[in-house]
$ cat work.txt   # compact mmCIF, C-alpha atoms
# COMPACT_ATOMS: atom_id res chain seq x y z
CA MET A 60 16.01 70.53 37.24
CA ALA A 61 18.74 70.63 34.75
CA GLY A 62 20.29 67.39 36.05
CA MET A 63 17.11 65.39 35.95
CA ALA A 64 16.41 63.24 32.96
CA SER A 65 13.06 63.84 31.43
CA ARG A 66 10.64 61.02 32.04
CA ARG A 67 8.43 59.72 29.29
CA PRO A 68 5.34 57.90 30.29
CA ASN A 69 5.03 54.24 29.25
CA PRO A 70 3.19 53.85 25.94
CA PRO A 71 -0.39 52.71 26.21
CA LEU A 72 -0.99 48.97 25.84
CA ILE A 73 -2.85 49.48 22.58
CA HIS A 74 0.28 50.95 20.97
CA LEU A 75 2.27 47.85 21.94
CA ILE A 76 -0.38 45.55 20.48
CA VAL A 77 -0.50 47.50 17.21
CA ALA A 78 3.30 47.43 16.94
CA ILE A 79 3.37 43.65 17.45
CA LEU A 80 0.64 43.14 14.82
CA VAL A 81 2.48 45.33 12.33
CA VAL A 82 5.55 43.11 12.71
CA LEU A 83 3.81 39.71 12.90
CA ALA A 84 1.06 40.10 10.28
CA PRO A 85 3.36 39.99 7.21
CA ALA A 86 5.31 37.08 8.68
CA LEU A 87 2.12 35.08 9.33
CA LEU A 88 0.80 35.85 5.86
CA ALA A 89 4.08 34.68 4.29
CA VAL A 90 4.00 31.41 6.25
CA ALA A 91 0.36 30.80 5.28
CA TRP A 92 1.07 31.55 1.61
CA PHE A 93 4.05 29.20 1.30
CA GLN A 94 2.31 26.33 3.07
CA ARG A 95 -0.44 26.23 0.41
CA VAL A 96 1.44 23.95 -1.96
CA PRO A 97 -1.20 22.28 -4.13
CA ASP A 98 -0.88 18.64 -5.13
CA PRO A 99 0.39 18.36 -8.67
CA PRO A 100 -2.28 17.21 -11.11
CA VAL A 101 -2.15 13.53 -12.03
CA ASN A 102 -1.66 12.97 -15.75
CA VAL A 103 -4.19 10.19 -16.43
CA ILE A 104 -3.80 8.43 -19.76
CA ASP A 105 -5.55 5.61 -21.59
CA PRO A 106 -3.09 2.71 -22.02
CA THR A 107 -5.25 0.91 -24.60
CA PRO A 108 -3.65 2.36 -27.77
CA VAL A 109 -0.15 1.55 -26.48
CA ILE A 110 -1.14 -2.00 -25.48
CA GLU A 111 -2.78 -2.50 -28.90
CA ALA A 112 0.31 -1.20 -30.73
CA ALA A 113 2.57 -3.58 -28.83
CA THR A 114 0.33 -6.62 -29.32
CA ALA A 115 -0.13 -5.78 -33.02
CA ALA A 116 3.67 -6.00 -33.32
CA GLY A 117 3.53 -9.49 -31.78
CA PHE A 118 4.76 -8.41 -28.34
CA PRO A 119 3.07 -10.07 -25.31
CA ALA A 120 2.28 -6.76 -23.55
CA ALA A 121 1.19 -7.31 -19.95
CA GLY A 122 -1.68 -5.07 -18.90
CA PRO A 123 -3.64 -5.26 -15.68
CA GLN A 124 -7.24 -6.48 -15.88
CA ASN A 125 -10.11 -5.72 -13.50
CA LEU A 126 -8.29 -3.29 -11.22
CA PRO A 127 -10.51 -1.94 -8.45
CA ASP A 128 -11.97 1.57 -8.77
CA GLY A 129 -9.53 4.38 -8.14
CA TRP A 130 -6.53 3.00 -10.06
CA VAL A 131 -5.29 5.27 -12.87
CA CYS A 132 -2.72 4.77 -15.59
CA THR A 133 -0.12 7.54 -15.62
CA ARG A 134 2.46 6.07 -18.03
CA ALA A 135 2.20 3.96 -21.17
CA ARG A 136 5.06 3.52 -23.60
CA TRP A 137 5.89 1.09 -26.43
CA THR A 138 9.34 1.33 -28.00
CA PRO A 139 10.25 -1.10 -30.80
CA GLN A 140 13.82 -2.40 -30.83
CA GLY A 141 16.27 0.14 -32.25
CA LYS A 142 13.88 3.10 -31.96
CA ALA A 143 14.73 6.02 -29.68
CA GLY A 144 13.63 5.29 -26.14
CA VAL A 145 13.91 7.19 -22.89
CA GLY A 146 16.81 9.62 -23.13
CA GLY A 147 16.97 9.23 -26.92
CA THR A 148 19.08 6.06 -26.86
CA PRO A 149 17.97 3.21 -29.13
CA ALA A 150 16.03 0.48 -27.31
CA ALA A 151 18.10 -2.71 -26.89
CA GLY A 152 14.92 -4.74 -27.38
CA ASN A 153 11.21 -4.26 -27.84
CA THR A 154 10.29 -2.38 -24.66
CA PHE A 155 6.87 -1.93 -23.08
CA ALA A 156 6.06 0.07 -19.94
CA LEU A 157 2.95 0.92 -17.94
CA GLY A 158 2.68 2.87 -14.71
CA TYR A 159 -0.31 3.00 -12.37
CA LEU A 160 -1.22 5.09 -9.37
CA SER A 161 -3.23 3.24 -6.73
CA PRO A 162 -6.11 4.81 -4.78
CA ALA A 163 -3.62 5.25 -1.90
CA GLN A 164 -1.39 7.27 -4.30
CA MET A 165 1.28 4.54 -4.53
CA TYR A 166 2.98 4.03 -7.89
CA LEU A 167 3.41 0.58 -9.45
CA ALA A 168 5.08 -0.12 -12.77
CA VAL A 169 5.11 -2.92 -15.32
CA ASP A 170 8.21 -2.97 -17.52
CA GLN A 171 8.92 -5.55 -20.23
CA ARG A 172 11.69 -6.22 -22.74
CA ASP A 173 12.39 -9.13 -25.06
CA ALA A 174 16.20 -8.75 -25.29
CA ALA A 175 19.16 -7.61 -23.17
CA ALA A 176 17.37 -8.68 -20.01
CA GLU A 177 20.17 -8.34 -17.46
CA PRO A 178 20.97 -4.63 -17.93
CA PHE A 179 17.23 -3.95 -18.12
CA VAL A 180 16.59 -5.75 -14.80
CA ALA A 181 19.48 -3.89 -13.16
CA ASP A 182 18.12 -0.57 -14.38
CA VAL A 183 14.45 -1.12 -13.46
CA THR A 184 15.20 -2.69 -10.06
CA ARG A 185 17.66 0.11 -9.25
CA SER A 186 20.55 -2.38 -9.10
CA GLY A 187 18.48 -4.58 -6.83
CA VAL A 188 19.68 -7.83 -5.34
CA ALA A 189 17.81 -11.13 -5.33
CA ASP A 190 15.54 -11.42 -2.28
CA GLY A 191 13.68 -14.74 -2.63
CA THR A 192 10.83 -15.82 -4.88
CA SER A 193 7.08 -15.42 -5.21
CA THR A 194 4.60 -17.59 -7.08
CA VAL A 195 1.86 -15.60 -8.78
CA VAL A 196 -0.77 -17.30 -10.95
CA GLY A 197 1.47 -20.33 -11.39
CA ARG A 198 4.54 -18.30 -12.44
CA ALA A 199 7.73 -18.16 -10.36
CA TRP A 200 8.83 -14.54 -9.96
CA GLN A 201 12.25 -13.57 -8.56
CA ARG A 202 12.09 -10.90 -5.85
CA TYR A 203 14.52 -7.98 -5.95
CA LEU A 204 15.25 -5.35 -3.32
CA SER A 205 17.04 -2.08 -4.15
CA ALA A 206 20.24 -1.21 -2.27
CA ASP A 207 18.46 1.44 -0.19
CA GLY A 208 15.68 -1.00 0.72
CA ARG A 209 13.00 1.30 -0.71
CA THR A 210 12.03 -0.31 -4.01
CA ARG A 211 10.92 -3.90 -4.41
CA ALA A 212 10.41 -5.72 -7.69
CA LEU A 213 9.11 -9.01 -9.02
CA VAL A 214 10.91 -10.30 -12.11
CA TRP A 215 9.55 -13.06 -14.37
CA ARG A 216 11.78 -14.42 -17.12
CA ASP A 217 10.62 -16.27 -20.20
CA GLY A 218 13.78 -17.03 -22.16
CA GLU A 219 15.39 -13.68 -22.97
CA ALA A 220 12.10 -11.85 -22.33
CA VAL A 221 11.53 -10.32 -18.94
CA THR A 222 8.54 -8.77 -17.14
CA ILE A 223 9.11 -6.62 -14.06
CA VAL A 224 6.52 -5.34 -11.58
CA SER A 225 8.03 -2.74 -9.26
CA GLY A 226 7.11 -0.15 -6.67
CA ASP A 227 7.91 1.23 -3.24
CA LEU A 228 5.54 -1.29 -1.63
CA GLY A 229 5.71 -4.66 0.05
CA TYR A 230 5.96 -7.85 -1.96
CA GLU A 231 2.34 -8.75 -1.12
CA ALA A 232 1.06 -5.63 -2.90
CA LEU A 233 3.32 -6.32 -5.89
CA GLU A 234 2.09 -9.94 -6.02
CA ALA A 235 -1.54 -8.78 -5.97
CA PHE A 236 -0.85 -6.37 -8.85
CA ALA A 237 1.13 -8.99 -10.81
CA GLY A 238 -1.86 -11.31 -10.41
CA THR A 239 -3.99 -8.90 -12.45
CA LEU A 240 -1.69 -8.97 -15.48
CA ALA A 241 -2.97 -10.43 -18.72
CA PHE A 242 -0.29 -11.10 -21.34
CA GLY A 243 -1.35 -10.15 -24.86
CA ALA A 244 -0.19 -11.29 -28.31
$ encode --input "work.txt" --output "structure tokens"
Amino acid sequence: MAGMASRRPNPPLIHLIVAILVVLAPALLAVAWFQRVPDPPVNVIDPTPVIEAATAAGFPAAGPQNLPDGWVCTRARWTPQGKAGVGGTPAAGNTFALGYLSPAQMYLAVDQRDAAAEPFVADVTRSGVADGTSTVVGRAWQRYLSADGRTRALVWRDGEAVTIVSGDLGYEALEAFAGTLAFGA
């Protein structure tokens, strides 16, 4: 029997199952753990003090009125001309900005400036190109579409002052939001 290889019996089925579980269990736990990415909390703010500060300075701040339930303000900023704005650079004009999150979790913004309108429009519209017009509450708004086709904006000019409503939505949604704006001061 010296030339015969020794035969080992096949392992019982239970041993195979345990071995598979030992290998798969940590992998399944890792997949489950990394798929539990929670939604980031929404930073809800009250825009009233910012709107009041802008209107007290004589700026016609545009704030939405009578939005349906579920809309929340997530950004409100008033930067007087020459003061440090976003990125620390001095604001080229009095600058007002509001941002809202809709109940469907879509972001819409209102941005205003009373000087240096062209660079401001280019920045806010993401170098958008003219894409027609919309009439909202008797005002003619110029439509803009970003180069990648993602962001749309409505731009209303009053002399050197400009108001921009923008978001990654259709023009109809932007028009509806622009229709809620009440201009202060």
$ atom_distance --input "work.txt" --atom1 "atom CA of Ala121 of chain A" --atom2 "atom CA of Ala241 of chain A"
5.3 Å
$ atom_distance --input "work.txt" --atom1 "atom CA of Trp130 of chain A" --atom2 "atom CA of Pro162 of chain A"
5.6 Å
$ atom_distance --input "work.txt" --atom1 "atom CA of Ala206 of chain A" --atom2 "atom CA of Thr184 of chain A"
9.4 Å
$ residues_around --input "work.txt" --residues "Asp105 of chain A" --least-positions-apart "2" --cutoff "10 Å" --atoms "only C-alpha atoms" --output "list in words"
Val103, Thr107, Pro108, Val109, Ile110, Val131, Cys132, Thr133, Arg134 and Ala135 of chain A
$ residues_around --input "work.txt" --residues "Arg216 of chain A" --least-positions-apart "5" --cutoff "9 Å" --atoms "only C-alpha atoms" --output "list in words"
Ala176, Ala199, Trp200, Gln201, Val221, Thr222 and Ile223 of chain A
$ closest_residue --input "work.txt" --among "A:Gly191, A:Pro97, A:Gly129, A:Gly208" --to "Ser161 of chain A" --atoms "only C-alpha atoms"
A:Gly129
$ closest_residue --input "work.txt" --among "A:Glu219, A:Ile76, A:Pro139, A:Pro123" --to "Ala237 of chain A" --atoms "only C-alpha atoms"
A:Pro123
$ residues_around --input "work.txt" --residues "Gly226 of chain A" --least-positions-apart "6" --cutoff "12 Å" --atoms "only C-alpha atoms" --output "list in words"
Gly158, Tyr159, Leu160, Ser161, Gln164, Met165, Tyr166, Leu167, Ala168, Val169, Asp170, Val183, Thr184, Arg185, Arg202, Tyr203, Leu204, Ser205, Gly208, Arg209, Thr210, Arg211, Ala212, Leu213, Ala232, Leu233, Glu234, Phe236 and Ala237 of chain A
$ closest_residue --input "work.txt" --among "A:Val195, A:Ala115, A:Leu240, A:Ala174" --to "Ala220 of chain A" --atoms "only C-alpha atoms"
A:Ala174
$ closest_residue --input "work.txt" --among "A:Gly117, A:Gly197, A:Gly243, A:Pro106" --to "Leu157 of chain A" --atoms "all atoms listed in the file"
A:Pro106
$ decode --input "work.txt" --residues "segment 196-223 of chain A" --atoms "N, CA, C and O atoms" --output "mmCIF file, in the first residue's frame"
data_model
loop_
_atom_site.group_PDB
_atom_site.id
_atom_site.type_symbol
_atom_site.label_atom_id
_atom_site.label_comp_id
_atom_site.auth_asym_id
_atom_site.auth_seq_id
_atom_site.Cartn_x
_atom_site.Cartn_y
_atom_site.Cartn_z
ATOM 1 N N VAL A 196 -45.386 88.490 -13.859
ATOM 2 C CA VAL A 196 -46.013 89.601 -13.153
ATOM 3 C C VAL A 196 -45.710 90.930 -13.869
ATOM 4 O O VAL A 196 -45.283 91.898 -13.246
ATOM 5 N N GLY A 197 -45.876 90.921 -15.175
ATOM 6 C CA GLY A 197 -45.700 92.132 -15.954
ATOM 7 C C GLY A 197 -44.265 92.536 -16.231
ATOM 8 O O GLY A 197 -44.021 93.552 -16.869
ATOM 9 N N ARG A 198 -43.297 91.772 -15.761
ATOM 10 C CA ARG A 198 -41.879 92.086 -15.993
ATOM 11 C C ARG A 198 -41.309 91.127 -17.036
ATOM 12 O O ARG A 198 -41.548 89.924 -16.974
ATOM 13 N N ALA A 199 -40.517 91.659 -17.964
ATOM 14 C CA ALA A 199 -39.854 90.838 -18.972
ATOM 15 C C ALA A 199 -38.522 90.344 -18.402
ATOM 16 O O ALA A 199 -37.650 91.143 -18.065
ATOM 17 N N TRP A 200 -38.383 89.055 -18.280
ATOM 18 C CA TRP A 200 -37.175 88.421 -17.767
ATOM 19 C C TRP A 200 -36.460 87.738 -18.941
ATOM 20 O O TRP A 200 -37.094 87.057 -19.741
ATOM 21 N N GLN A 201 -35.147 87.885 -19.002
ATOM 22 C CA GLN A 201 -34.333 87.210 -20.008
ATOM 23 C C GLN A 201 -33.994 85.816 -19.476
ATOM 24 O O GLN A 201 -33.585 85.669 -18.328
ATOM 25 N N ARG A 202 -34.200 84.807 -20.302
ATOM 26 C CA ARG A 202 -33.833 83.434 -19.925
ATOM 27 C C ARG A 202 -32.367 83.177 -20.269
ATOM 28 O O ARG A 202 -31.878 83.629 -21.300
ATOM 29 N N TYR A 203 -31.696 82.440 -19.385
ATOM 30 C CA TYR A 203 -30.314 82.025 -19.617
ATOM 31 C C TYR A 203 -30.197 80.531 -19.371
ATOM 32 O O TYR A 203 -30.830 79.991 -18.455
ATOM 33 N N LEU A 204 -29.363 79.883 -20.169
ATOM 34 C CA LEU A 204 -29.094 78.452 -20.034
ATOM 35 C C LEU A 204 -27.592 78.269 -19.932
ATOM 36 O O LEU A 204 -26.837 78.793 -20.768
ATOM 37 N N SER A 205 -27.134 77.524 -18.908
ATOM 38 C CA SER A 205 -25.697 77.304 -18.732
ATOM 39 C C SER A 205 -25.163 76.435 -19.871
ATOM 40 O O SER A 205 -25.918 75.722 -20.546
ATOM 41 N N ALA A 206 -23.857 76.474 -20.070
ATOM 42 C CA ALA A 206 -23.222 75.747 -21.173
ATOM 43 C C ALA A 206 -23.494 74.239 -21.113
ATOM 44 O O ALA A 206 -23.642 73.588 -22.147
ATOM 45 N N ASP A 207 -23.590 73.692 -19.904
ATOM 46 C CA ASP A 207 -23.839 72.248 -19.795
ATOM 47 C C ASP A 207 -25.328 71.904 -19.837
ATOM 48 O O ASP A 207 -25.707 70.743 -19.732
ATOM 49 N N GLY A 208 -26.183 72.918 -19.979
ATOM 50 C CA GLY A 208 -27.612 72.694 -20.088
ATOM 51 C C GLY A 208 -28.294 72.337 -18.781
ATOM 52 O O GLY A 208 -29.476 72.015 -18.756
ATOM 53 N N ARG A 209 -27.569 72.401 -17.673
ATOM 54 C CA ARG A 209 -28.123 71.994 -16.378
ATOM 55 C C ARG A 209 -28.851 73.130 -15.671
ATOM 56 O O ARG A 209 -29.937 72.937 -15.138
ATOM 57 N N THR A 210 -28.253 74.303 -15.636
ATOM 58 C CA THR A 210 -28.800 75.405 -14.855
ATOM 59 C C THR A 210 -29.512 76.404 -15.764
ATOM 60 O O THR A 210 -28.988 76.797 -16.798
ATOM 61 N N ARG A 211 -30.705 76.781 -15.336
ATOM 62 C CA ARG A 211 -31.477 77.800 -16.035
ATOM 63 C C ARG A 211 -31.617 79.001 -15.103
ATOM 64 O O ARG A 211 -31.604 78.847 -13.888
ATOM 65 N N ALA A 212 -31.765 80.165 -15.706
ATOM 66 C CA ALA A 212 -31.899 81.386 -14.912
ATOM 67 C C ALA A 212 -32.833 82.353 -15.619
ATOM 68 O O ALA A 212 -32.933 82.358 -16.844
ATOM 69 N N LEU A 213 -33.498 83.166 -14.811
ATOM 70 C CA LEU A 213 -34.297 84.288 -15.289
ATOM 71 C C LEU A 213 -33.613 85.545 -14.779
ATOM 72 O O LEU A 213 -33.306 85.644 -13.585
ATOM 73 N N VAL A 214 -33.374 86.497 -15.673
ATOM 74 C CA VAL A 214 -32.655 87.716 -15.318
ATOM 75 C C VAL A 214 -33.535 88.915 -15.647
ATOM 76 O O VAL A 214 -33.979 89.079 -16.781
ATOM 77 N N TRP A 215 -33.788 89.752 -14.628
ATOM 78 C CA TRP A 215 -34.554 90.987 -14.818
ATOM 79 C C TRP A 215 -33.633 92.155 -14.528
ATOM 80 O O TRP A 215 -32.983 92.216 -13.480
ATOM 81 N N ARG A 216 -33.561 93.084 -15.483
ATOM 82 C CA ARG A 216 -32.700 94.257 -15.339
ATOM 83 C C ARG A 216 -33.555 95.501 -15.128
ATOM 84 O O ARG A 216 -34.576 95.674 -15.784
ATOM 85 N N ASP A 217 -33.087 96.331 -14.212
ATOM 86 C CA ASP A 217 -33.722 97.625 -13.961
ATOM 87 C C ASP A 217 -32.586 98.632 -13.897
ATOM 88 O O ASP A 217 -31.998 98.861 -12.828
ATOM 89 N N GLY A 218 -32.223 99.198 -15.060
ATOM 90 C CA GLY A 218 -31.038 100.042 -15.134
ATOM 91 C C GLY A 218 -29.806 99.174 -14.921
ATOM 92 O O GLY A 218 -29.646 98.139 -15.546
ATOM 93 N N GLU A 219 -28.945 99.580 -14.007
ATOM 94 C CA GLU A 219 -27.749 98.791 -13.696
ATOM 95 C C GLU A 219 -28.048 97.691 -12.677
ATOM 96 O O GLU A 219 -27.248 96.788 -12.473
ATOM 97 N N ALA A 220 -29.212 97.737 -12.057
ATOM 98 C CA ALA A 220 -29.587 96.707 -11.071
ATOM 99 C C ALA A 220 -30.077 95.455 -11.797
ATOM 100 O O ALA A 220 -30.678 95.535 -12.865
ATOM 101 N N VAL A 221 -29.818 94.330 -11.183
ATOM 102 C CA VAL A 221 -30.208 93.059 -11.794
ATOM 103 C C VAL A 221 -30.706 92.103 -10.706
ATOM 104 O O VAL A 221 -30.176 92.081 -9.598
ATOM 105 N N THR A 222 -31.755 91.358 -11.057
ATOM 106 C CA THR A 222 -32.288 90.309 -10.182
ATOM 107 C C THR A 222 -32.250 89.014 -10.974
ATOM 108 O O THR A 222 -32.690 88.971 -12.128
ATOM 109 N N ILE A 223 -31.727 87.964 -10.360
ATOM 110 C CA ILE A 223 -31.583 86.670 -11.028
ATOM 111 C C ILE A 223 -32.248 85.591 -10.186
ATOM 112 O O ILE A 223 -31.964 85.473 -8.985
#
